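**Student:** Next comes work08.cif, mmCIF, C-alpha atoms and all ligand atoms:
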data_work
#
loop_
_atom_site.label_atom_id
_atom_site.label_comp_id
_atom_site.auth_asym_id
_atom_site.auth_seq_id
_atom_site.Cartn_x
_atom_site.Cartn_y
_atom_site.Cartn_z
CA MET A 1484 -6.22 4.66 -30.82
CA PRO A 1485 -2.85 2.91 -30.50
CA ASP A 1486 -1.67 5.23 -27.75
CA LYS A 1487 -2.27 3.32 -24.51
CA ILE A 1488 -1.07 6.08 -22.23
CA PRO A 1489 -4.00 8.06 -20.84
CA ALA A 1490 -3.77 11.76 -21.51
CA ALA A 1491 -4.26 12.47 -17.82
CA ILE A 1492 -1.00 10.77 -16.81
CA PRO A 1493 1.91 12.11 -18.85
CA ALA A 1494 4.52 9.63 -19.99
CA ALA A 1495 7.26 11.60 -18.27
CA ILE A 1496 6.88 13.63 -15.11
CA PRO A 1497 9.86 15.08 -13.28
CA ALA A 1498 10.40 13.07 -10.12
CA VAL A 1499 9.43 15.01 -7.03
CA VAL A 1500 12.27 15.51 -4.61
CA PRO A 1501 11.83 12.85 -1.94
CA ALA A 1502 11.84 14.05 1.65
CA PRO A 1503 14.59 12.25 3.60
CA GLU A 1504 12.22 11.29 6.40
CA PHE A 1505 10.19 9.27 3.89
CA VAL A 1506 13.16 7.38 2.44
CA PRO A 1507 13.60 3.94 4.08
CA ASP A 1508 16.85 3.44 5.97
CA ALA A 1509 19.18 0.48 5.37
CA GLU A 1510 16.94 -1.75 7.50
CA GLY A 1511 13.83 -0.66 5.61
CA TRP A 1512 12.24 1.65 8.19
CA VAL A 1513 10.86 5.11 7.43
CA GLU A 1514 11.59 7.84 9.95
CA ALA A 1515 8.35 9.73 9.23
CA ALA A 1516 6.27 6.74 10.28
CA ARG A 1517 5.09 5.84 13.75
CA ARG A 1518 6.43 2.35 14.30
CA VAL A 1519 3.95 -0.36 15.35
CA PRO A 1520 5.79 -3.66 14.79
CA SER A 1521 3.75 -6.60 13.55
CA PRO A 1522 4.87 -10.21 14.03
CA ASN A 1523 3.22 -11.12 10.72
CA PHE A 1524 6.16 -11.11 8.36
CA ASP A 1525 9.02 -13.29 7.21
CA ALA A 1526 12.08 -13.07 5.01
CA ARG A 1527 11.77 -12.18 1.36
CA PRO A 1528 13.04 -14.91 -0.97
CA PRO A 1529 16.64 -14.21 -1.94
CA GLY A 1530 17.46 -12.99 -5.40
CA LEU A 1531 14.19 -11.21 -6.16
CA PRO A 1532 13.98 -7.48 -6.87
CA LEU A 1533 11.92 -5.27 -4.56
CA ASP A 1534 10.19 -3.31 -7.25
CA VAL A 1535 6.40 -3.10 -6.85
CA VAL A 1536 4.11 -1.06 -4.59
CA VAL A 1537 0.61 -2.34 -3.87
CA ILE A 1538 -2.13 0.07 -2.77
CA HIS A 1539 -4.94 -1.25 -0.53
CA ASN A 1540 -7.76 0.11 1.54
CA ILE A 1541 -8.87 -1.21 4.91
CA SER A 1542 -11.18 -0.20 7.73
CA LEU A 1543 -12.08 -2.05 10.90
CA PRO A 1544 -14.87 -2.55 11.62
CA PRO A 1545 -15.67 -2.16 7.91
CA GLY A 1546 -16.62 1.44 7.18
CA GLN A 1547 -15.44 2.77 10.55
CA PHE A 1548 -12.32 4.88 10.92
CA GLY A 1549 -9.96 5.79 13.72
CA THR A 1550 -10.84 2.81 15.91
CA GLY A 1551 -7.31 1.52 16.44
CA ASP A 1552 -8.52 -1.90 15.34
CA ILE A 1553 -6.32 -2.06 12.23
CA GLU A 1554 -3.22 -1.81 14.37
CA ALA A 1555 -4.64 -4.42 16.74
CA PHE A 1556 -5.46 -6.71 13.79
CA PHE A 1557 -1.94 -6.50 12.36
CA GLN A 1558 -0.53 -7.21 15.82
CA ASN A 1559 -2.78 -10.25 16.40
CA ARG A 1560 -4.46 -8.61 19.39
CA LEU A 1561 -7.89 -7.82 17.94
CA ASP A 1562 -10.66 -8.35 20.50
CA ALA A 1563 -12.96 -10.68 18.55
CA THR A 1564 -15.83 -10.08 20.99
CA ARG A 1565 -16.08 -6.39 20.10
CA HIS A 1566 -17.74 -6.77 16.69
CA PRO A 1567 -19.40 -9.64 14.78
CA PHE A 1568 -17.06 -9.10 11.82
CA PHE A 1569 -14.03 -9.60 14.02
CA GLU A 1570 -15.12 -13.19 14.69
CA THR A 1571 -14.72 -13.88 10.97
CA ILE A 1572 -11.11 -12.72 10.94
CA ARG A 1573 -10.17 -14.03 14.37
CA ASP A 1574 -7.47 -16.40 13.08
CA VAL A 1575 -6.30 -14.35 10.11
CA ARG A 1576 -2.64 -13.40 10.27
CA VAL A 1577 -1.84 -10.52 7.96
CA SER A 1578 0.05 -7.26 7.86
CA ALA A 1579 1.15 -4.51 5.55
CA HIS A 1580 4.31 -2.47 5.55
CA PHE A 1581 2.39 0.80 5.95
CA LEU A 1582 -0.95 2.26 6.96
CA ILE A 1583 -2.04 5.80 6.15
CA ALA A 1584 -4.72 6.97 8.57
CA ARG A 1585 -7.55 9.34 7.62
CA ASP A 1586 -5.60 12.32 8.98
CA GLY A 1587 -2.58 11.35 6.92
CA GLU A 1588 -0.57 9.86 9.75
CA LEU A 1589 1.85 7.21 8.53
CA VAL A 1590 2.27 3.97 10.50
CA GLN A 1591 4.82 1.27 9.69
CA PHE A 1592 4.34 -2.35 10.77
CA VAL A 1593 7.01 -4.25 8.84
CA ALA A 1594 10.42 -3.22 7.51
CA CYS A 1595 10.43 -2.86 3.74
CA THR A 1596 13.28 -5.34 3.55
CA GLN A 1597 11.02 -8.03 5.04
CA ARG A 1598 8.00 -9.73 3.47
CA ALA A 1599 4.69 -8.47 4.83
CA TRP A 1600 1.55 -10.53 4.34
CA HIS A 1601 -0.77 -8.19 2.47
CA ALA A 1602 -1.44 -9.41 -1.05
CA GLY A 1603 -2.31 -13.10 -0.72
CA GLN A 1604 -2.70 -15.06 -3.93
CA SER A 1605 -1.78 -12.53 -6.58
CA GLU A 1606 -0.06 -11.88 -9.88
CA TYR A 1607 1.68 -8.74 -11.09
CA CYS A 1608 2.32 -8.69 -14.84
CA GLY A 1609 2.83 -12.45 -14.92
CA ARG A 1610 4.80 -12.68 -11.66
CA GLN A 1611 3.12 -14.72 -8.93
CA ARG A 1612 3.08 -14.20 -5.13
CA CYS A 1613 3.37 -10.43 -5.01
CA ASN A 1614 4.26 -10.41 -1.31
CA ASP A 1615 7.70 -11.68 -2.34
CA PHE A 1616 8.65 -8.52 -4.21
CA SER A 1617 6.22 -5.78 -3.19
CA ILE A 1618 5.64 -3.16 -0.53
CA GLY A 1619 2.07 -2.98 0.76
CA ILE A 1620 0.44 0.35 1.64
CA GLU A 1621 -2.94 0.25 3.36
CA ILE A 1622 -4.94 3.47 3.15
CA GLU A 1623 -7.61 3.67 5.82
CA GLY A 1624 -10.83 3.78 3.88
CA ALA A 1625 -13.57 1.83 2.15
CA ASP A 1626 -14.53 1.10 -1.43
CA ASP A 1627 -17.57 3.40 -1.21
CA GLN A 1628 -15.96 6.46 0.38
CA PRO A 1629 -13.50 9.09 -0.86
CA PHE A 1630 -10.04 9.24 0.63
CA THR A 1631 -8.84 12.43 2.33
CA PRO A 1632 -6.46 15.03 0.88
CA ALA A 1633 -4.06 14.28 3.75
CA GLN A 1634 -3.97 10.63 2.71
CA TYR A 1635 -3.07 11.49 -0.88
CA HIS A 1636 -0.37 13.81 0.38
CA THR A 1637 1.21 11.16 2.62
CA ALA A 1638 0.87 8.42 -0.01
CA ALA A 1639 2.64 10.58 -2.56
CA ARG A 1640 5.47 11.47 -0.19
CA LEU A 1641 5.86 7.83 0.84
CA VAL A 1642 5.99 6.48 -2.70
CA SER A 1643 8.49 9.19 -3.63
CA GLY A 1644 10.64 8.08 -0.70
CA LEU A 1645 10.33 4.41 -1.64
CA ARG A 1646 11.41 5.19 -5.19
CA ALA A 1647 14.51 6.89 -3.83
CA ALA A 1648 15.53 3.70 -2.00
CA TYR A 1649 14.28 0.96 -4.34
CA ALA A 1650 14.02 0.58 -8.11
CA ILE A 1651 10.22 0.63 -8.13
CA GLU A 1652 8.90 -0.46 -11.52
CA GLY A 1653 5.20 -0.48 -10.84
CA VAL A 1654 2.42 0.71 -8.57
CA ALA A 1655 -0.75 -1.38 -8.60
CA GLY A 1656 -3.98 -1.70 -6.69
CA HIS A 1657 -4.77 -4.89 -4.80
CA SER A 1658 -7.69 -5.37 -7.21
CA ASP A 1659 -5.23 -5.26 -10.13
CA ILE A 1660 -3.12 -8.13 -8.82
CA ALA A 1661 -5.99 -10.19 -7.37
CA PRO A 1662 -8.88 -9.48 -9.75
CA GLY A 1663 -12.16 -11.13 -8.87
CA ARG A 1664 -10.94 -11.72 -5.33
CA LYS A 1665 -10.15 -8.19 -4.13
CA THR A 1666 -11.76 -4.82 -4.88
CA ASP A 1667 -9.51 -2.40 -3.00
CA PRO A 1668 -8.47 0.38 -3.15
CA GLY A 1669 -11.78 0.79 -4.98
CA PRO A 1670 -13.32 3.28 -7.37
CA HIS A 1671 -12.78 6.28 -5.11
CA PHE A 1672 -9.01 6.02 -5.19
CA ASP A 1673 -8.02 8.77 -7.64
CA TRP A 1674 -5.00 7.34 -9.42
CA ARG A 1675 -4.57 10.44 -11.56
CA ARG A 1676 -4.42 12.70 -8.52
CA PHE A 1677 -2.06 10.32 -6.74
CA ALA A 1678 0.23 10.01 -9.79
CA ALA A 1679 0.40 13.78 -10.20
CA LEU A 1680 1.24 14.37 -6.54
CA ALA A 1681 3.87 11.62 -6.48
CA GLY A 1682 5.35 12.52 -9.85
CA LEU A 1683 4.66 9.04 -11.18
CA PRO A 1684 5.04 8.55 -14.93
CA ALA A 1685 2.47 6.43 -16.72
CA ALA A 1686 5.03 3.66 -17.23
CA LEU A 1687 4.89 2.97 -13.49
CA LEU A 1688 1.13 2.48 -13.63
CA PRO A 1689 0.72 -0.49 -15.97
CA TYR A 1690 -2.85 -1.19 -14.88
CA ARG A 1691 -4.05 2.32 -15.51
CA THR A 1692 -3.57 2.21 -19.26
ZN ZN A 1701 -6.02 -5.22 -0.06
#
Starting from the file, give its structure as structure tokens.

**Tutor:**
Amino acid sequence: MPDKIPAAIPAAIPAVVPAPEFVPDAEGWVEAARRVPSPNFDARPPGLPLDVVVIHNISLPPGQFGTGDIEAFFQNRLDATRHPFFETIRDVRVSAHFLIARDGELVQFVACTQRAWHAGQSEYCGRQRCNDFSIGIEIEGADDQPFTPAQYHTAARLVSGLRAAYAIEGVAGHSDIAPGRKTDPGPHFDWRRFAALAGLPAALLPYRT
């Protein structure tokens, strides 16, 4: 069939009305988020659009939730003696703009106007170095576990708010932009459900066709 748009994601969905507390302010901070500043960011290159959202999952230690270790990791204060896995990421300096906890709480580490270090080597539709032009959203979870309804709800509200502030042209998974290297957000992330909640048209989901 020539039609590449999946029936489950209509080509045109009325945009949901973004809640003001989820729309980034002029400095790129979202009022609805608890602010946990990370030092792991730098300036975006000038002249590039800010037009892509990247969805990730993360849990620390892997498969454990609600430990507080993700925040510690993004703030370079993870206690490497607490878990064998932490030794392997002791010197890793990364961040994301947002984290959505299992209960749906939204945390912001880096202003959207700055470059967070979430995607690594990556390519979105032929454009390299996705950190330069994307916003990274970590959803607390694992590849082998479902996400919670509260997380879908917050993710949808956040993406709606981001679209109100920035001309977002695409939403992709980390595995889409770093295939073979990354697997998140994984098979349990329900893109159809997320798209419906966020009012995302299929055109904004180029990897779901
Ligand atoms: Zn990721």

**Student:** Identify, on the basis of all atoms listed in the file, every residue whose closest approach to Phe1569 in chain A does not exceed 12 Å; exclude the query and any residue fewer than 4 positions from it along the same chain; express the result as a compact mmCIF listing (two decimals) with C-alpha atoms, in the coordinates of the input.

**Tutor:**
# COMPACT_ATOMS: atom_id res chain seq x y z
CA SER A 1542 -11.18 -0.20 7.73
CA LEU A 1543 -12.08 -2.05 10.90
CA PRO A 1544 -14.87 -2.55 11.62
CA PRO A 1545 -15.67 -2.16 7.91
CA ASP A 1552 -8.52 -1.90 15.34
CA ILE A 1553 -6.32 -2.06 12.23
CA ALA A 1555 -4.64 -4.42 16.74
CA PHE A 1556 -5.46 -6.71 13.79
CA ASN A 1559 -2.78 -10.25 16.40
CA ARG A 1560 -4.46 -8.61 19.39
CA LEU A 1561 -7.89 -7.82 17.94
CA ASP A 1562 -10.66 -8.35 20.50
CA ALA A 1563 -12.96 -10.68 18.55
CA THR A 1564 -15.83 -10.08 20.99
CA ARG A 1565 -16.08 -6.39 20.10
CA ARG A 1573 -10.17 -14.03 14.37
CA ASP A 1574 -7.47 -16.40 13.08
CA VAL A 1575 -6.30 -14.35 10.11

**Student:** Find the nearest atom pair between each residue of chain A and ligand ZN 1701 (chain A) for residues within 6 Å, count only C-alpha atoms and all ligand atoms, give distances in Å to one decimal, sort rows by chain and ascending number, and present the table as JSON lines.

**Tutor:**
{"residue": "A:His1539", "atom": "CA", "partner": "A:ZN1701", "partner_atom": "ZN", "distance": 4.1}
{"residue": "A:Asn1540", "atom": "CA", "partner": "A:ZN1701", "partner_atom": "ZN", "distance": 5.8}
{"residue": "A:His1657", "atom": "CA", "partner": "A:ZN1701", "partner_atom": "ZN", "distance": 4.9}
{"residue": "A:Asp1667", "atom": "CA", "partner": "A:ZN1701", "partner_atom": "ZN", "distance": 5.4}

**Student:** Between A:Arg1612, A:Arg1517, A:Arg1664, A:His1580, which residue has the minimum interatomic distance to Ile1538 in chain A, considering only C-alpha atoms?

**Tutor:**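 Selected residue with least distance to Ile1538 in chain A: A:His1580.
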
**Student:** Ranking A:Pro1532, A:Gln1558, A:Ala1633, A:Ser1658 by minimum distance to Pro1520 in chain A and counting all atoms listed in the file, which one comes first?

**Tutor:**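 The shortest atom-to-atom distance to Pro1520 in chain A comes from A:Gln1558.
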
**Student:** Tell me which of A:Pro1503, A:Pro1629, A:Leu1688, A:Val1577 sits closest to Asn1614 in chain A, counting all atoms listed in the file.

**Tutor:**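 Result for the nearest residue to Asn1614 in chain A: A:Val1577.
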
**Student:** If you count only C-alpha atoms, which residues fall within 8 Å of range 1587-1593 of chain A, apart from same-chain ones fewer than 5 positions away, as a list in words?

**Tutor:**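 These residues fall inside the cut-off: Trp1512, Val1513, Ala1515, Ala1516, Arg1517, Arg1518, Val1519, Pro1520, Ser1521, Phe1524, Phe1557, Ser1578, Ala1579, His1580, Phe1581, Leu1582, Arg1598, Ala1599, Thr1631, Ala1633, Gln1634, Tyr1635, His1636 and Thr1637 of chain A.
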
**Student:** When you draw a straight line from CA of Pro1670 in chain A to CA of His1601 in chain A, how long is it in Å?

**Tutor:**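 Calculated distance between CA of Pro1670 in chain A and CA of His1601 in chain A is 19.6 Å.
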
**Student:** Under the rule that all atoms listed in the file are counted, which of A:Val1536, A:Phe1630, A:Pro1529, A:Gly1603 is the nearest residue to Leu1687 in chain A?

**Tutor:**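 With all atoms listed in the file as the atom set, the closest residue is A:Val1536.
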
**Student:** When you count only C-alpha atoms, which of these residues is closest to Glu1514 in chain A: A:Gly1551, A:Gly1619, A:Gly1644, A:Gly1682?

**Tutor:**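 Going through A:Gly1551, A:Gly1619, A:Gly1644, A:Gly1682 one by one, the smallest distance to Glu1514 in chain A is for A:Gly1644.
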
**Student:** Do you have the CA of Tyr1649 in chain A-CA of Ile1541 in chain A distance handy?

**Tutor:** 25.0 Å

**Student:** From the coordinates supplied, range 1576-1596 of chain A should be written with C-alpha atoms, as an mmCIF file, in the first residue's frame.

**Tutor:**
data_model
loop_
_atom_site.group_PDB
_atom_site.id
_atom_site.type_symbol
_atom_site.label_atom_id
_atom_site.label_comp_id
_atom_site.auth_asym_id
_atom_site.auth_seq_id
_atom_site.Cartn_x
_atom_site.Cartn_y
_atom_site.Cartn_z
ATOM 1 C CA ARG A 1576 28.622 13.298 32.117
ATOM 2 C CA VAL A 1577 25.129 13.435 30.681
ATOM 3 C CA SER A 1578 21.788 15.107 31.223
ATOM 4 C CA ALA A 1579 18.384 15.545 29.689
ATOM 5 C CA HIS A 1580 16.096 18.524 29.704
ATOM 6 C CA PHE A 1581 13.310 16.587 31.444
ATOM 7 C CA LEU A 1582 12.585 13.485 33.482
ATOM 8 C CA ILE A 1583 9.101 12.076 34.013
ATOM 9 C CA ALA A 1584 8.983 9.938 37.146
ATOM 10 C CA ARG A 1585 6.770 6.864 37.533
ATOM 11 C CA ASP A 1586 4.110 8.912 39.332
ATOM 12 C CA GLY A 1587 4.099 11.459 36.524
ATOM 13 C CA GLU A 1588 6.118 14.100 38.322
ATOM 14 C CA LEU A 1589 8.018 16.326 35.907
ATOM 15 C CA VAL A 1590 11.618 17.308 36.677
ATOM 16 C CA GLN A 1591 13.674 19.750 34.602
ATOM 17 C CA PHE A 1592 17.482 19.689 34.605
ATOM 18 C CA VAL A 1593 18.438 21.957 31.704
ATOM 19 C CA ALA A 1594 16.700 24.946 30.117
ATOM 20 C CA CYS A 1595 15.272 24.116 26.707
ATOM 21 C CA THR A 1596 17.255 26.969 25.226
#
